[in-house]
$ cat query_23.txt   # compact mmCIF, C-alpha atoms
# COMPACT_ATOMS: atom_id res chain seq x y z
CA MET A 1 0.00 0.00 0.00
CA ASP A 2 1.25 3.48 -0.84
CA LYS A 3 1.88 5.76 2.10
CA ILE A 4 -1.32 7.54 3.09
CA LYS A 5 -1.08 11.31 3.33
CA ARG A 6 -2.27 13.15 6.44
CA ASN A 7 -5.09 14.97 4.65
CA GLU A 8 -6.35 11.61 3.37
CA ARG A 9 -6.24 10.14 6.88
CA LEU A 10 -8.04 13.13 8.35
CA GLY A 11 -10.83 12.93 5.79
CA ALA A 12 -11.30 9.20 6.27
CA MET A 13 -11.20 9.38 10.07
CA ALA A 14 -13.70 12.24 10.16
CA ARG A 15 -16.08 10.24 7.97
CA ILE A 16 -15.71 7.08 10.04
CA LEU A 17 -16.36 8.93 13.30
CA THR A 18 -19.37 10.93 12.10
CA GLU A 19 -20.95 7.86 10.49
CA THR A 20 -20.80 6.00 13.82
CA PRO A 21 -21.79 8.55 16.50
CA ASN A 22 -21.17 7.58 20.14
CA ARG A 23 -19.26 4.45 19.10
CA ILE A 24 -15.77 4.04 20.53
CA HIS A 25 -13.00 3.33 18.02
CA THR A 26 -9.64 2.21 19.39
CA LEU A 27 -6.43 3.90 18.30
CA GLY A 28 -5.19 0.47 17.25
CA GLU A 29 -8.09 0.22 14.81
CA PHE A 30 -6.95 3.37 13.03
CA CYS A 31 -3.28 2.36 13.24
CA GLU A 32 -4.05 -0.89 11.45
CA LEU A 33 -6.27 0.80 8.88
CA PHE A 34 -3.76 3.48 7.94
CA GLY A 35 -0.46 1.74 8.81
CA THR A 36 0.48 4.57 11.16
CA ALA A 37 1.87 4.89 14.69
CA LYS A 38 -0.41 5.68 17.63
CA SER A 39 1.35 8.98 18.26
CA THR A 40 0.49 10.09 14.72
CA ILE A 41 -3.13 8.99 15.09
CA SER A 42 -3.36 10.93 18.37
CA GLU A 43 -2.15 14.06 16.59
CA ASP A 44 -4.73 13.51 13.84
CA ILE A 45 -7.50 13.17 16.42
CA ASP A 46 -6.48 16.45 18.04
CA LEU A 47 -6.67 18.20 14.66
CA ILE A 48 -10.12 16.78 13.93
CA SER A 49 -11.36 17.63 17.41
CA ASN A 50 -10.21 21.24 17.15
CA SER A 51 -11.73 21.62 13.70
CA PHE A 52 -15.10 20.22 14.79
CA ALA A 53 -15.16 22.51 17.84
CA GLN A 54 -14.32 25.57 15.73
CA PHE A 55 -17.15 24.99 13.27
CA ASP A 56 -19.77 23.64 15.74
CA LEU A 57 -19.81 20.17 14.19
CA GLY A 58 -20.01 18.18 17.42
CA ARG A 59 -17.33 16.76 19.69
CA VAL A 60 -14.55 14.27 19.14
CA GLU A 61 -13.60 12.89 22.55
CA THR A 62 -10.84 10.65 23.80
CA VAL A 63 -12.07 7.89 26.12
CA ALA A 64 -9.56 6.64 28.69
CA GLY A 65 -9.24 3.09 30.01
CA ALA A 66 -8.61 -0.40 28.71
CA ALA A 67 -11.67 -0.24 26.45
CA GLY A 68 -11.02 3.36 25.53
CA GLY A 69 -10.30 5.11 22.28
CA VAL A 70 -12.01 7.94 20.47
CA ARG A 71 -15.67 8.69 19.71
CA TYR A 72 -17.76 11.34 18.02
CA ARG A 73 -20.83 12.85 19.64
CA ALA A 74 -23.10 15.14 17.64
CA ILE A 75 -23.50 17.72 20.41
CA PRO A 76 -24.76 21.04 18.99
CA SER A 77 -23.91 24.31 20.70
CA PRO A 78 -26.66 26.24 22.56
CA LYS A 79 -26.74 28.78 19.70
CA ARG A 80 -27.25 26.05 17.13
CA VAL A 81 -30.01 24.44 19.23
CA GLU A 82 -31.78 27.78 19.52
CA ARG A 83 -31.46 28.37 15.78
CA VAL A 84 -32.86 24.93 14.91
CA LEU A 85 -35.83 25.21 17.27
CA ASN A 86 -36.67 28.77 16.25
CA GLY A 87 -36.59 27.75 12.60
CA LEU A 88 -38.82 24.76 13.28
CA ALA A 89 -41.27 26.86 15.28
CA GLN A 90 -41.58 29.30 12.38
CA ARG A 91 -42.33 26.47 9.97
CA LEU A 92 -45.01 25.05 12.24
CA LYS A 93 -46.72 28.45 12.36
CA GLU A 94 -47.58 28.18 8.67
CA PRO A 95 -51.33 28.41 7.88
CA GLY A 96 -53.28 25.20 7.38
CA ARG A 97 -51.62 23.09 10.09
CA MET A 98 -54.53 23.23 12.55
CA LEU A 99 -56.21 19.84 12.99
CA PRO A 100 -59.44 18.92 14.81
CA GLY A 101 -59.05 18.30 18.53
CA GLY A 102 -56.31 20.88 19.03
CA PHE A 103 -53.64 18.90 17.21
CA LEU A 104 -50.95 20.21 14.88
CA TYR A 105 -49.92 18.71 11.53
CA THR A 106 -46.19 17.96 11.71
CA SER A 107 -45.73 14.80 9.62
CA ASP A 108 -44.20 16.60 6.64
CA VAL A 109 -41.57 18.21 8.85
CA THR A 110 -40.63 15.15 10.90
CA ALA A 111 -40.36 13.09 7.69
CA GLU A 112 -37.45 15.27 6.52
CA SER A 113 -34.25 13.40 7.33
CA ALA A 114 -32.25 16.58 7.99
CA THR A 115 -34.87 17.91 10.43
CA ALA A 116 -35.25 14.55 12.15
CA GLN A 117 -31.48 14.27 12.55
CA ALA A 118 -31.16 17.79 13.98
CA LEU A 119 -33.85 16.99 16.55
CA GLY A 120 -32.26 13.62 17.27
CA GLU A 121 -28.96 15.34 18.01
CA ILE A 122 -30.62 17.77 20.42
CA LEU A 123 -32.44 15.00 22.27
CA ALA A 124 -29.55 12.53 22.35
CA MET A 125 -27.03 15.00 23.77
CA GLN A 126 -29.11 15.29 26.96
CA TYR A 127 -28.99 11.56 27.69
CA TYR A 128 -25.45 10.43 26.90
CA ASP A 129 -24.68 10.24 30.62
CA LYS A 130 -27.82 8.14 31.21
CA ALA A 131 -26.53 5.47 28.78
CA PRO A 132 -29.89 4.14 27.55
CA ASN A 133 -29.86 0.68 25.99
CA PHE A 134 -32.56 1.55 23.46
CA VAL A 135 -35.00 4.24 22.34
CA LEU A 136 -38.70 3.44 22.60
CA THR A 137 -41.42 5.09 20.52
CA MET A 138 -45.04 4.49 19.54
CA GLU A 139 -45.99 3.88 15.94
CA THR A 140 -45.94 5.78 13.67
CA LYS A 141 -45.35 9.53 13.54
CA GLY A 142 -42.64 9.57 16.18
CA ILE A 143 -40.47 7.02 14.38
CA PRO A 144 -38.25 9.41 12.35
CA ILE A 145 -37.22 11.48 15.38
CA ALA A 146 -36.84 8.43 17.60
CA LEU A 147 -34.74 6.65 14.96
CA MET A 148 -32.35 9.58 14.63
CA THR A 149 -32.08 9.86 18.41
CA ALA A 150 -31.25 6.15 18.57
CA ARG A 151 -28.65 6.61 15.83
CA MET A 152 -26.94 9.44 17.71
CA LEU A 153 -26.84 7.26 20.84
CA ASP A 154 -25.76 4.17 18.84
CA VAL A 155 -28.57 2.06 20.31
CA PRO A 156 -31.51 0.14 18.77
CA LEU A 157 -34.97 1.59 18.16
CA VAL A 158 -37.89 -0.29 19.72
CA ILE A 159 -41.41 0.40 18.42
CA ALA A 160 -44.56 -0.19 20.46
CA ARG A 161 -47.61 -0.92 18.31
CA ARG A 162 -51.35 -0.56 18.65
CA ASP A 163 -51.68 -4.29 18.13
CA SER A 164 -49.27 -7.21 18.01
CA ARG A 165 -47.84 -8.54 14.76
CA ALA A 166 -47.57 -12.26 14.04
CA TYR A 167 -44.04 -11.87 12.67
CA GLU A 168 -42.84 -10.37 15.98
CA GLY A 169 -43.81 -13.40 18.08
CA SER A 170 -45.57 -13.25 21.43
CA ALA A 171 -46.23 -9.79 22.85
CA VAL A 172 -47.11 -7.95 26.04
CA LYS A 173 -50.31 -5.89 25.78
CA ILE A 174 -51.51 -3.14 28.09
CA ASN A 175 -54.42 -0.73 28.11
CA TYR A 176 -53.79 2.97 28.59
CA ILE A 177 -55.79 6.20 28.67
CA ALA A 178 -55.29 8.28 25.52
CA GLY A 179 -56.64 11.60 24.35
CA GLY A 180 -56.45 15.10 25.78
CA GLY A 181 -60.07 16.10 26.26
CA ASN A 182 -61.88 13.09 24.83
CA GLU A 183 -60.40 10.34 26.95
CA ARG A 184 -60.51 6.80 25.63
CA ILE A 185 -58.96 3.45 26.39
CA GLU A 186 -56.49 2.17 23.82
CA THR A 187 -54.19 -0.83 23.56
CA MET A 188 -50.41 -0.92 23.23
CA ALA A 189 -48.39 -4.03 22.35
CA LEU A 190 -44.68 -4.78 22.43
CA ALA A 191 -42.87 -7.97 21.43
CA ARG A 192 -41.50 -9.89 24.40
CA ARG A 193 -38.11 -10.22 22.72
CA ALA A 194 -37.75 -6.47 22.23
CA VAL A 195 -36.69 -5.60 25.79
CA SER A 196 -34.80 -7.45 28.53
CA PRO A 197 -35.26 -6.91 32.29
CA GLY A 198 -32.88 -4.32 33.72
CA GLN A 199 -32.36 -2.42 30.47
CA ARG A 200 -32.63 1.38 30.32
CA ALA A 201 -35.14 3.00 27.99
CA LEU A 202 -35.31 6.51 26.53
CA ILE A 203 -38.87 7.26 25.38
CA VAL A 204 -39.25 9.58 22.37
CA ASP A 205 -42.43 10.71 20.60
CA ASP A 206 -43.50 13.53 18.31
CA PHE A 207 -46.49 15.09 20.11
CA MET A 208 -47.89 15.26 23.63
CA LYS A 209 -51.25 16.66 24.65
CA GLY A 210 -52.45 14.89 27.78
CA GLY A 211 -49.44 12.57 28.06
CA GLY A 212 -51.51 9.38 28.09
CA THR A 213 -49.60 7.59 25.35
CA LEU A 214 -46.25 8.46 26.91
CA GLN A 215 -47.45 7.25 30.30
CA GLY A 216 -48.58 4.08 28.56
CA MET A 217 -45.03 3.52 27.33
CA VAL A 218 -43.72 4.13 30.85
CA ASP A 219 -46.20 1.54 32.16
CA MET A 220 -45.12 -0.85 29.40
CA MET A 221 -41.50 -0.57 30.53
CA ARG A 222 -42.61 -1.40 34.05
CA GLU A 223 -44.10 -4.63 32.70
CA PHE A 224 -40.68 -5.47 31.23
CA GLN A 225 -38.85 -4.45 34.44
CA ALA A 226 -36.93 -1.86 32.45
CA GLU A 227 -35.81 1.53 33.76
CA VAL A 228 -37.02 4.70 32.02
CA VAL A 229 -34.16 7.24 31.95
CA GLY A 230 -36.07 9.97 30.10
CA VAL A 231 -39.27 10.92 28.28
CA CYS A 232 -38.99 13.33 25.33
CA VAL A 233 -41.28 14.87 22.72
CA MET A 234 -40.78 17.23 19.83
CA ILE A 235 -43.78 19.36 20.76
CA SER A 236 -46.29 19.47 23.62
CA THR A 237 -49.37 21.57 24.25
CA SER A 238 -49.29 24.10 27.08
CA THR A 239 -52.74 22.90 28.16
CA PRO A 240 -53.59 20.83 30.03
CA LYS A 241 -50.74 21.94 32.25
CA GLU A 242 -50.78 18.73 34.27
CA LYS A 243 -49.84 15.78 32.06
CA ARG A 244 -50.34 12.12 32.88
CA VAL A 245 -46.64 11.51 32.41
CA LYS A 246 -44.30 13.40 34.72
CA GLY A 247 -41.05 15.11 33.81
CA ALA A 248 -41.38 14.96 30.03
CA ASN A 249 -38.81 16.98 28.10
CA SER A 250 -40.40 18.95 25.24
CA LEU A 251 -38.44 20.83 22.58
CA LEU A 252 -41.35 23.04 21.49
CA ILE A 253 -44.57 24.30 23.11
CA LEU A 254 -47.91 24.69 21.31
CA ASP A 255 -49.86 27.47 23.04
CA GLY A 256 -52.90 27.15 20.77
CA PHE A 257 -54.13 28.52 17.45
CA ASP A 258 -55.11 31.89 16.05
CA GLN A 259 -58.72 31.17 15.09
CA GLU A 260 -58.78 33.88 12.41
CA THR A 261 -55.69 32.75 10.53
CA GLY A 262 -55.58 29.11 11.59
CA CYS A 263 -51.89 29.55 12.43
CA ALA A 264 -50.36 27.73 15.37
CA ILE A 265 -48.79 29.63 18.25
CA VAL A 266 -45.55 27.70 18.68
CA ARG A 267 -42.38 28.56 20.60
CA PRO A 268 -39.24 26.77 21.75
CA SER A 269 -39.24 25.56 25.35
CA GLU A 270 -37.66 28.07 27.70
CA LYS A 271 -34.85 25.70 28.72
CA TYR A 272 -33.41 25.90 25.19
CA MET A 273 -33.46 29.69 24.91
CA ASN A 274 -30.39 31.71 25.91

$ encode --input "query_23.txt" --output "C-alpha cells"
Amino acid sequence: MDKIKRNERLGAMARILTETPNRIHTLGEFCELFGTAKSTISEDIDLISNSFAQFDLGRVETVAGAAGGVRYRAIPSPKRVERVLNGLAQRLKEPGRMLPGGFLYTSDVTAESATAQALGEILAMQYYDKAPNFVLTMETKGIPIALMTARMLDVPLVIARRDSRAYEGSAVKINYIAGGGNERIETMALARRAVSPGQRALIVDDFMKGGGTLQGMVDMMREFQAEVVGVCVMISTSTPKEKRVKGANSLLILDGFDQETGCAIVRPSEKYMN
C-alpha cells in the first residue's frame, strides 16, 4: 500500500467517526487501517477535534481506560439548538396546520431526514450520561425522530404498536388512557423479545397533549422491568398543564391557534433559549 497522506487520513477518520456517532474506536483500529503509529493517530484526532469545535460540528472525545479510544458525539452548541428550534417553530406556524381536537400537523416536517437528525442530536445529547440501551417510541409519527435519536446514541430503536404482529412473536399488551379532552382506552403491544429486564429505555415521541400515550409507554417498561431514563417529545401543548406523564422533556410548546388565521402559536421551550 502506498503511504497515506495526512489529509487523506483526516478525511477518512472524520467520515468514520461521524458515520458511527457515540461508538468508541480504538487507536489500534486506526493504526491498522492506515499503517500509522499511535502517536500520529493521536495528533490527527487532536486536529479533527479542534476543527469540529471551531465549526460547531459536534465533539470528538478521547475515552480513557482499557476499552477506551475515540468517539464522536453530535453535540450542537446552545446557539445552534436555539437556531434549529426557532426555525422549526416558524415552519409550524404556517397556515393550514390546525387539525381537529387541538392537534398540529407535523408529519411533513418530521419526515425530513435533515430535520429529524437535527432533533435527534438535540435529544440525544441530553442523555449520553444516562446510557440508555434503546430508544422506545409508539408507531408511527414519532419514528423518524426516535430513529435519529437512537442513531446518535448508537442504540436500537424499539417500536410499540397498537396491536401485536404475528411476525414479531408473542407480545405484552396493556391498556392505557389516551386523548387530551376526549379520553378513551387504547391498547399498546410490544414484542417480548424487544426488551430485557434491567435495560434502560429513553422514550421519544413527536407530540404530547395529555401525556396518556407516553405514560402508557412508561407503564409498558414497568411490565418489562426496564428503567425509564427519560421521556422526550418534539412538541407538547401548554394545556392541560398537568400531564399524565411526569417530567417529560419537550423541545417546542404549542400554546394554541389563532382562530382567524388558523396559524399555530408555537415557541421553543424556555430551557433551550439563551

$ residues_around --input "query_23.txt" --residues "A:Asn175" --least-positions-apart "3" --cutoff "8 Å" --atoms "all atoms listed in the file" --output "count of residues only"
5

$ closest_residue --input "query_23.txt" --among "A:Met273, A:Val231, A:Ile203, A:Ile265" --to "A:Pro95" --atoms "only C-alpha atoms"
A:Ile265

$ closest_residue --input "query_23.txt" --among "A:Ser77, A:Ala14, A:Asp255, A:Asp219" --to "A:Gln54" --atoms "only C-alpha atoms"
A:Ser77

$ residues_around --input "query_23.txt" --residues "stretch 120-133 of chain A" --least-positions-apart "6" --cutoff "9 Å" --atoms "only C-alpha atoms" --output "PyMOL selection string"
chain A and resi 22+73-76+81+144-156+199-202+204+227-230+232-234+249+251

$ atom_distance --input "query_23.txt" --atom1 "atom CA of A:Val63" --atom2 "atom CA of A:Ser39"
15.6 Å

$ atom_distance --input "query_23.txt" --atom1 "atom CA of A:Ile235" --atom2 "atom CA of A:Gly58"
24.0 Å

$ closest_residue --input "query_23.txt" --among "A:Arg267, A:Asp108, A:Gly28, A:Gly211" --to "A:Gly247" --atoms "all atoms listed in the file"
A:Gly211

$ closest_residue --input "query_23.txt" --among "A:Ile4, A:Arg71, A:Asn50, A:Thr237" --to "A:Leu27" --atoms "all atoms listed in the file"
A:Arg71

$ atom_distance --input "query_23.txt" --atom1 "atom CA of A:Arg162" --atom2 "atom CA of A:Phe257"
29.2 Å

$ closest_residue --input "query_23.txt" --among "A:Pro100, A:Gly210, A:Gly142, A:Gly256" --to "A:Lys243" --atoms "all atoms listed in the file"
A:Gly210

$ closest_residue --input "query_23.txt" --among "A:Val195, A:Thr213, A:Lys246, A:Arg83" --to "A:Gln225" --atoms "only C-alpha atoms"
A:Val195

$ residues_around --input "query_23.txt" --residues "A:Glu223" --least-positions-apart "5" --cutoff "12 Å" --atoms "all atoms listed in the file" --output "PyMOL selection string"
chain A and resi 171-175+188-192+195-198+216-218+228
